[in-house]
Amino acid sequence: MPTRRLPDAPNLEHLRNQAKTLLREVRAGDPEAVALAEQFHPVANLADAQLVIARSYGFPSWPRLSRHLGTVEQYSRSPHHQSVGGPVETAGQRADEFLRLATLQYGQDDPQRPEAAGQLLSAFPDVAASNIYTLVVAGDVDAVRAELRRRPELAKHEGGPYRWEPLMYLAYSRLEVSPSAPVEIARLLLAHGADPNAGYLWQGLPSPFTALTGAFGRGEGDQPPHQCRLELARVLLEAGADPNDSQTMYNCGPGCPPPYDEQHLELLLEFGLGRGDGGPWHERLTVAHPTPQDLLEDELVFASAQGLLRRVELVLAAGVDPDGRGTRHPAFGHHRAYELAAMLGHTEIAELLRAAGAAPLDDVHTLFAAVFRGEPVAADSELAGRAVDRDPYLALRAAELGRTAALSPLKELGWDLNVMTSATPLHRAAWNGHLETVRKLVELGADPTLQDPTYQHTPLGWAKHNGQQAVVGFLSGLGGGASPRE
């Protein structure tokens with residue numbers, strides 16, 4: 001079983017150095033290195049160390065890990081590294097600028113950019129006819145048909161500023177065109193050999209951004225869906241796009257804020273989400289990519305944590321294991337769906353999961369549920385210790401959700417209210433505007449001067465950045481709550 005996830009944009013030379021370091025540390029008797037070797041394979045030479053490194057990341061051998069990195073390199077793209085606003089003096093520059101403005105990058109997106117793409121098109125009408133990619137984005141059905149008749153191979157030819165296939169530019173375009181054009185163009189491209197599973201790895205991350213992902217949109221930054229979201233997605237699925245689309249599931253779930261709907265889930269389930277072999281991307285990425293069953297189990301855990309009853313019903317009806325933990329994403333503390341639903345007070349979902357066969361709560365999760373209800377909890381030191389060890393980050397979840405009543409019991413039982421991952425509980429409460437939770441955390445000793453490790457901002461900085469003025473007013477009144485950058 002893997003003990004860790006590959007780093008972002010993994011590099012073979014970096015992993016080779018990890019193996020060399022492991023060999024050196026094993027020979028020196030370093031306890032952690034020796035324990036790793038005992039878990040995966042005895043280490044006597046560099047080949048052994050490389051095998052341990054590969055297995056620790058979930059790969060059965062070093063060659064399999066190396067092949068995976070070759071796949072990552074082949075499909076990796078970084079569209080968000082390309083800026084807009086450059087020169088548009090030549091036809092080629094105007095075409096690339098138009099495509100950058102019209103499409104989602106998932107990094108530097110701005111809601112005004114599609115409008116700017118339209119303005120560029122108005123100023124230079126000939127930009128639409130620059131190439132197959134601009135024709136697709138501009139929604140010129142007749143011109144796309146004529147171009148494919150002349151050169152059918154263009155349907156699957158990578159190009160443009162992002163080295164995407166035309167179908168990708170179509171799916172990620174947010175330029176408003178004739179309502180029927182995108183679906184007609186998708187059918188034309190697919191009929192001429194376009195890959196319905198076309199996609200790329202965003203900066204090498206192992207969750208492919210496919211054409212299907214582009215159609216559904218959302219995700220971090222809550223990007224808008226395609227204007228033909230469901231119709232375009234259905235065309236792709238009917239043409240063979242695999243419904244086990246990990247990035248779509250993230251973008252329409254944990255990766256975006258409320259409100260949520262179930263339209264993407266209903267459509268993907270109709271076409272086999274949770275079944276099959278996972279399609280070409282799972283074959284390419286192997287253990288770095290979740291299985292179809294993992295995706296369903298992750299969705300059940302997410303929906304149970306958020307209180308999304310309809311989603312829970314849909315996923316249970318698809319035959320998911322009610323106790324499945326999926327990829328055990330740390331965002332959910334490795335809890336089961338039933339444990340989260342019971343702990344967070346989603347009673348109807350909890351009852352549904354128990355009826356589906358979910359195992360009952362143990363003593364630790366019974367304690368968690370009582371804490372989140374804000375009940376006075378009498379627990380001996382042994383139980384309290386096991387509870388804190390089970391989930392030392394529980395205060396982060398309470399703060400993020402604004403569960404003010406849980407904070408005193410958490411502190412009394414031994415939880416650290418200044419615990420830091422990417423932020424402290426006070427950062428999370430401040431970001432979400434939970435003023436009473438912020439007040440209570442400060443009262444209980446949370447430190448408003450702590451800075452997060454990524455941006456080096458205090459909770460006050462987070463509240464400012466997210467426009468939580470009531471929290472800003474309170475934290476500003478404390479004094480000393482802002483970092484120099486704020």
# chains A, B, ... in the order shown; residues from 1 in each chain; ligands from 1
$ residues_around --residues "Pro224 of chain A" --least-positions-apart "5" --cutoff "8 Å" --atoms "only C-alpha atoms" --output "short mmCIF file (atom, residue, chain, number, x, y, z; two decimals) with C-alpha atoms, in the first residue's frame"
data_model
loop_
_atom_site.label_atom_id
_atom_site.label_comp_id
_atom_site.auth_asym_id
_atom_site.auth_seq_id
_atom_site.Cartn_x
_atom_site.Cartn_y
_atom_site.Cartn_z
CA ARG A 174 -16.40 30.38 -22.79
CA GLY A 217 -16.47 23.72 -15.71
CA ARG A 218 -16.56 24.92 -12.10
#
$ residues_around --residues "segment 64-77 of chain A" --least-positions-apart "2" --cutoff "8 Å" --atoms "only C-alpha atoms" --output "MDAnalysis selection string"
chainID A and resid 9:12 54 59:62 79 162:163 199:206 284:286
$ closest_residue --among "A:Arg311, A:Asn45, A:Ala379, A:Arg397" --to "Glu412 of chain A" --atoms "only C-alpha atoms"
A:Ala379
$ atom_distance --atom1 "atom CA of Leu265 of chain A" --atom2 "atom CA of Asp8 of chain A"
27.6 Å
$ residues_around --residues "Phe271 of chain A" --least-positions-apart "4" --cutoff "12 Å" --atoms "only C-alpha atoms" --output "NGL selection string"
:A and (233-245 or 264-267 or 275-276 or 318)
$ atom_distance --atom1 "atom CA of Trp462 of chain A" --atom2 "atom CA of Trp431 of chain A"
5.4 Å
$ residues_around --residues "Ala355 of chain A" --least-positions-apart "4" --cutoff "12 Å" --atoms "only C-alpha atoms" --output "list of chain:residue names"
A:Glu313, A:Leu316, A:Pro322, A:Asp323, A:Tyr338, A:Glu348, A:Ile349, A:Ala350, A:Glu351, A:Ala359, A:Pro360
$ write_last_selection --atoms "N, CA and C atoms" --output "PDB file, in the first residue's frame"
ATOM      1  N   GLU A 313     -28.285   9.613  -2.261  1.00  0.00           N
ATOM      2  CA  GLU A 313     -29.252   8.660  -2.810  1.00  0.00           C
ATOM      3  C   GLU A 313     -28.798   8.132  -4.167  1.00  0.00           C
ATOM      4  N   LEU A 316     -25.660   5.766  -3.689  1.00  0.00           N
ATOM      5  CA  LEU A 316     -26.048   4.486  -3.081  1.00  0.00           C
ATOM      6  C   LEU A 316     -26.815   3.627  -4.079  1.00  0.00           C
ATOM      7  N   PRO A 322     -21.305   1.442   1.289  1.00  0.00           N
ATOM      8  CA  PRO A 322     -21.580   2.556   2.203  1.00  0.00           C
ATOM      9  C   PRO A 322     -20.444   2.838   3.176  1.00  0.00           C
ATOM     10  N   ASP A 323     -19.556   1.861   3.357  1.00  0.00           N
ATOM     11  CA  ASP A 323     -18.412   2.062   4.240  1.00  0.00           C
ATOM     12  C   ASP A 323     -17.121   2.328   3.477  1.00  0.00           C
ATOM     13  N   TYR A 338     -20.706   7.603   6.851  1.00  0.00           N
ATOM     14  CA  TYR A 338     -21.641   7.587   7.976  1.00  0.00           C
ATOM     15  C   TYR A 338     -21.068   8.350   9.162  1.00  0.00           C
ATOM     16  N   GLU A 348     -30.764  12.629   8.325  1.00  0.00           N
ATOM     17  CA  GLU A 348     -31.445  11.833   7.302  1.00  0.00           C
ATOM     18  C   GLU A 348     -30.441  11.022   6.480  1.00  0.00           C
ATOM     19  N   ILE A 349     -29.318  11.631   6.176  1.00  0.00           N
ATOM     20  CA  ILE A 349     -28.279  10.909   5.440  1.00  0.00           C
ATOM     21  C   ILE A 349     -27.695   9.796   6.301  1.00  0.00           C
ATOM     22  N   ALA A 350     -27.454  10.091   7.562  1.00  0.00           N
ATOM     23  CA  ALA A 350     -26.922   9.067   8.462  1.00  0.00           C
ATOM     24  C   ALA A 350     -27.858   7.862   8.532  1.00  0.00           C
ATOM     25  N   GLU A 351     -29.143   8.118   8.632  1.00  0.00           N
ATOM     26  CA  GLU A 351     -30.108   7.013   8.685  1.00  0.00           C
ATOM     27  C   GLU A 351     -30.113   6.228   7.375  1.00  0.00           C
ATOM     28  N   ALA A 359     -21.495   0.451   8.953  1.00  0.00           N
ATOM     29  CA  ALA A 359     -21.196   0.004  10.309  1.00  0.00           C
ATOM     30  C   ALA A 359     -21.483   1.118  11.311  1.00  0.00           C
ATOM     31  N   PRO A 360     -21.863   0.769  12.541  1.00  0.00           N
ATOM     32  CA  PRO A 360     -22.175   1.804  13.544  1.00  0.00           C
ATOM     33  C   PRO A 360     -20.925   2.577  13.962  1.00  0.00           C
TER      34      PRO A 360
END
$ select_by_dssp --residues "segment 200-441 of chain A" --states "helix (DSSP H, G or I)" --output "VMD selection string"
chain A and resid 211 to 216 229 to 238 246 to 251 263 to 270 279 to 288 292 to 306 309 to 317 330 to 332 337 to 343 347 to 355 363 to 372 381 to 390 394 to 401 404 to 413 425 to 431 435 to 441
$ residues_around --residues "segment 126-139 of chain A" --least-positions-apart "2" --cutoff "6 Å" --atoms "only C-alpha atoms" --output "JSON, numbers by chain"
{"A": [95, 124, 141, 166, 170, 177, 181]}
